[in-house]
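Structure file run15.csv; described as CSV, C-alpha atoms.
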```csv
chain,number,residue,atom,x,y,z
A,1,MET,CA,0.0,0.0,0.0
A,2,PHE,CA,1.2,3.5,-0.9
A,3,ILE,CA,-0.3,6.6,0.7
A,4,VAL,CA,-0.4,9.8,-1.4
A,5,SER,CA,-1.5,12.9,0.5
A,6,ALA,CA,-2.1,16.5,-0.7
A,7,HIS,CA,-0.5,18.6,1.9
A,8,PRO,CA,-0.5,22.4,2.3
A,9,THR,CA,2.8,22.5,4.3
A,10,PRO,CA,6.1,22.2,2.4
A,11,GLY,CA,8.4,19.2,1.8
A,12,LYS,CA,9.9,17.5,4.8
A,13,SER,CA,7.4,19.0,7.3
A,14,ALA,CA,4.5,17.4,5.3
A,15,LEU,CA,6.2,14.0,5.2
A,16,ASN,CA,7.0,14.1,8.9
A,17,GLU,CA,3.4,14.9,9.7
A,18,LEU,CA,2.1,12.2,7.4
A,19,LYS,CA,4.5,9.6,8.9
A,20,SER,CA,3.2,10.6,12.4
A,21,LYS,CA,-0.4,9.9,11.3
A,22,ILE,CA,0.6,6.6,9.8
A,23,VAL,CA,2.3,5.5,13.1
A,24,ASN,CA,-0.6,6.8,15.2
A,25,LEU,CA,-3.0,4.8,13.1
A,26,GLY,CA,-0.8,1.7,13.6
A,27,ILE,CA,-0.6,0.9,9.9
A,28,GLU,CA,3.1,1.4,9.3
A,29,ASP,CA,3.6,-2.3,8.7
A,30,TYR,CA,1.1,-2.1,5.7
A,31,VAL,CA,2.5,1.0,4.1
A,32,GLU,CA,5.3,0.4,1.5
A,33,LYS,CA,6.0,4.1,1.0
A,34,PHE,CA,4.2,7.4,1.4
A,35,TYR,CA,4.3,10.7,-0.5
A,36,CYS,CA,3.0,14.2,-0.2
A,37,SER,CA,2.0,16.3,-3.2
A,38,ASP,CA,1.7,20.1,-3.0
A,39,GLY,CA,-1.9,20.8,-1.9
A,40,GLY,CA,-2.1,23.6,-4.3
A,41,ASP,CA,-1.4,21.4,-7.4
A,42,LYS,CA,-4.6,19.6,-8.4
A,43,ASN,CA,-2.6,17.3,-10.7
A,44,GLY,CA,0.2,16.6,-8.2
A,45,LYS,CA,-1.3,13.3,-7.0
A,46,THR,CA,-1.8,12.1,-10.6
A,47,HIS,CA,1.9,12.5,-11.3
A,48,ILE,CA,2.9,10.8,-8.1
A,49,LEU,CA,0.6,7.9,-8.8
A,50,GLN,CA,2.1,7.5,-12.3
A,51,ASP,CA,5.6,7.5,-10.9
A,52,ILE,CA,4.7,4.9,-8.3
A,53,MET,CA,3.3,2.6,-11.0
A,54,ASP,CA,6.4,3.1,-13.2
A,55,ASP,CA,8.8,2.6,-10.3
A,56,TYR,CA,7.2,-0.5,-9.0
A,57,ASP,CA,6.0,-1.9,-12.3
A,58,ILE,CA,2.4,-1.8,-11.3
A,59,LYS,CA,-0.3,-2.1,-14.0
A,60,PRO,CA,-3.0,0.6,-13.6
A,61,ASN,CA,-5.8,-2.0,-13.9
A,62,ASN,CA,-4.2,-3.8,-10.9
A,63,ALA,CA,-4.2,-0.7,-8.7
A,64,TYR,CA,-6.8,1.3,-6.7
A,65,MET,CA,-6.9,4.9,-5.6
A,66,VAL,CA,-9.3,5.2,-2.6
A,67,GLY,CA,-9.9,8.7,-1.2
A,68,ASP,CA,-12.4,11.1,0.3
A,69,SER,CA,-11.7,14.0,-2.1
A,70,TYR,CA,-13.4,13.8,-5.4
A,71,TYR,CA,-11.2,16.3,-7.1
A,72,TYR,CA,-7.8,15.5,-5.5
A,73,ASP,CA,-8.2,11.7,-5.0
A,74,TYR,CA,-10.8,10.2,-7.2
A,75,GLU,CA,-10.0,12.3,-10.3
A,76,ALA,CA,-6.2,11.8,-9.7
A,77,GLY,CA,-6.7,8.0,-9.7
A,78,LYS,CA,-8.8,8.1,-12.8
A,79,ASN,CA,-6.4,10.5,-14.6
A,80,ALA,CA,-3.5,8.1,-13.8
A,81,GLY,CA,-5.6,5.2,-15.2
A,82,LEU,CA,-6.2,3.5,-11.8
A,83,ASN,CA,-9.5,2.0,-10.5
A,84,SER,CA,-10.8,4.8,-8.3
A,85,ILE,CA,-13.1,4.6,-5.4
A,86,PHE,CA,-14.7,7.7,-3.7
A,87,ILE,CA,-15.5,7.6,0.0
A,88,LYS,CA,-18.8,9.5,0.4
A,89,ASN,CA,-18.6,12.4,2.8
A,90,ASP,CA,-20.1,15.8,3.5
A,91,TYR,CA,-16.8,17.8,4.0
A,92,CYS,CA,-15.1,17.8,0.6
A,93,LYS,CA,-16.2,19.6,-2.5
A,94,GLN,CA,-17.8,17.3,-5.0
A,95,PRO,CA,-20.0,17.6,-8.1
A,96,SER,CA,-23.7,17.4,-7.4
A,97,PRO,CA,-25.0,15.1,-8.5
A,98,LEU,CA,-22.0,12.8,-8.7
A,99,PRO,CA,-21.4,11.3,-12.2
A,100,LYS,CA,-23.2,8.0,-12.6
A,101,ASP,CA,-19.9,6.0,-13.2
A,102,VAL,CA,-18.4,7.0,-9.8
A,103,ARG,CA,-17.5,4.0,-7.7
A,104,LEU,CA,-18.7,5.0,-4.3
A,105,VAL,CA,-18.5,3.6,-0.8
A,106,GLU,CA,-20.0,5.0,2.4
A,107,SER,CA,-17.2,3.7,4.6
A,108,ILE,CA,-13.7,2.4,4.1
A,109,THR,CA,-14.9,-0.8,5.8
A,110,GLU,CA,-16.9,-1.6,2.7
A,111,LEU,CA,-13.6,-2.3,0.9
A,112,VAL,CA,-12.6,-5.2,3.2
A,113,VAL,CA,-14.1,-8.3,1.8
```

If you took the structure in this file and wrote it as structure tokens, what would it be?
Amino acid sequence: MFIVSAHPTPGKSALNELKSKIVNLGIEDYVEKFYCSDGGDKNGKTHILQDIMDDYDIKPNNAYMVGDSYYYDYEAGKNAGLNSIFIKNDYCKQPSPLPKDVRLVESITELVV
């Protein structure tokens, strides 16, 4: 698993904060690597996802982008050619209505099968 976060703070500070969150959640054993994109660059995550797939020889149809931001997560995954899943929420901007082809879950627990 890779984590890609859009973060408003610069460079190393963003990575340190993300690492702290990963440790606090107790998921560090499941995370291969984590990255932060510039929160101001809407396409930053797309480029990082493409780099991850290239670096680890991952085929886009074998990868998933799961996120709670329609514009920064869901679209980034789609633009990188990945299977994208949007976690429904009331706090991130999203189109209304959502496009009919959006893969949607109400909770991250729906992904565990």

Report task. Using only C-alpha atoms, find the one residue out of A:Ala14, A:Val31, A:Ala6, A:Leu98 that sits nearest to Gly67 in chain A. Result ->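 Of all the options, A:Ala6 lies closest to Gly67 in chain A.
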
Query - Who sits within 10 Å of Met65 in chain A, only C-alpha atoms, same chain under 3 positions skipped, as an MDAnalysis selection string - result: chainID A and resid 2:4 49 60 73:78 80:86

Query raised in the report: So how many Å separate CA of Leu104 in chain A and CA of Asp90 in chain A, to one decimal?
Result: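 Separating CA of Leu104 in chain A from CA of Asp90 in chain A is a distance of 13.4 Å.
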
Report task. Find the spatial neighbours of range 68-72 of chain A, counting only C-alpha atoms, within a cut-off of 10 Å - ignore same-chain residues fewer than 4 positions away - and output them as a PyMOL selection string. Result -> chain A and resi 5-6+39-46+76-77+84-95+98+102+104-108

Report task. Identify which of the residues A:Ser20, A:Asn79, A:Tyr35, A:Val66 lies closest to Ile52 in chain A, counting all atoms listed in the file when measuring atom-to-atom distances. Result ->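 Of A:Ser20, A:Asn79, A:Tyr35, A:Val66, the one nearest Ile52 in chain A, counting all atoms listed in the file, is A:Tyr35.
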
Report task. Give me, please, the distance in Å between CA of His47 in chain A and CA of Leu18 in chain A, quoted to one decimal. Result -> 18.7 Å

Report task. Tell me, in Å to one decimal, how far CA of Lys12 in chain A is from CA of Cys36 in chain A. Result ->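 Interatomic distance, CA of Lys12 in chain A to CA of Cys36 in chain A: 9.1 Å.
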
Report task. Mind checking which residues fall within 8 Å of Met1 in chain A, counting only C-alpha atoms, ignoring those fewer than 3 positions away in the same chain, and posting them as a PyMOL selection string? Result -> chain A and resi 30-33
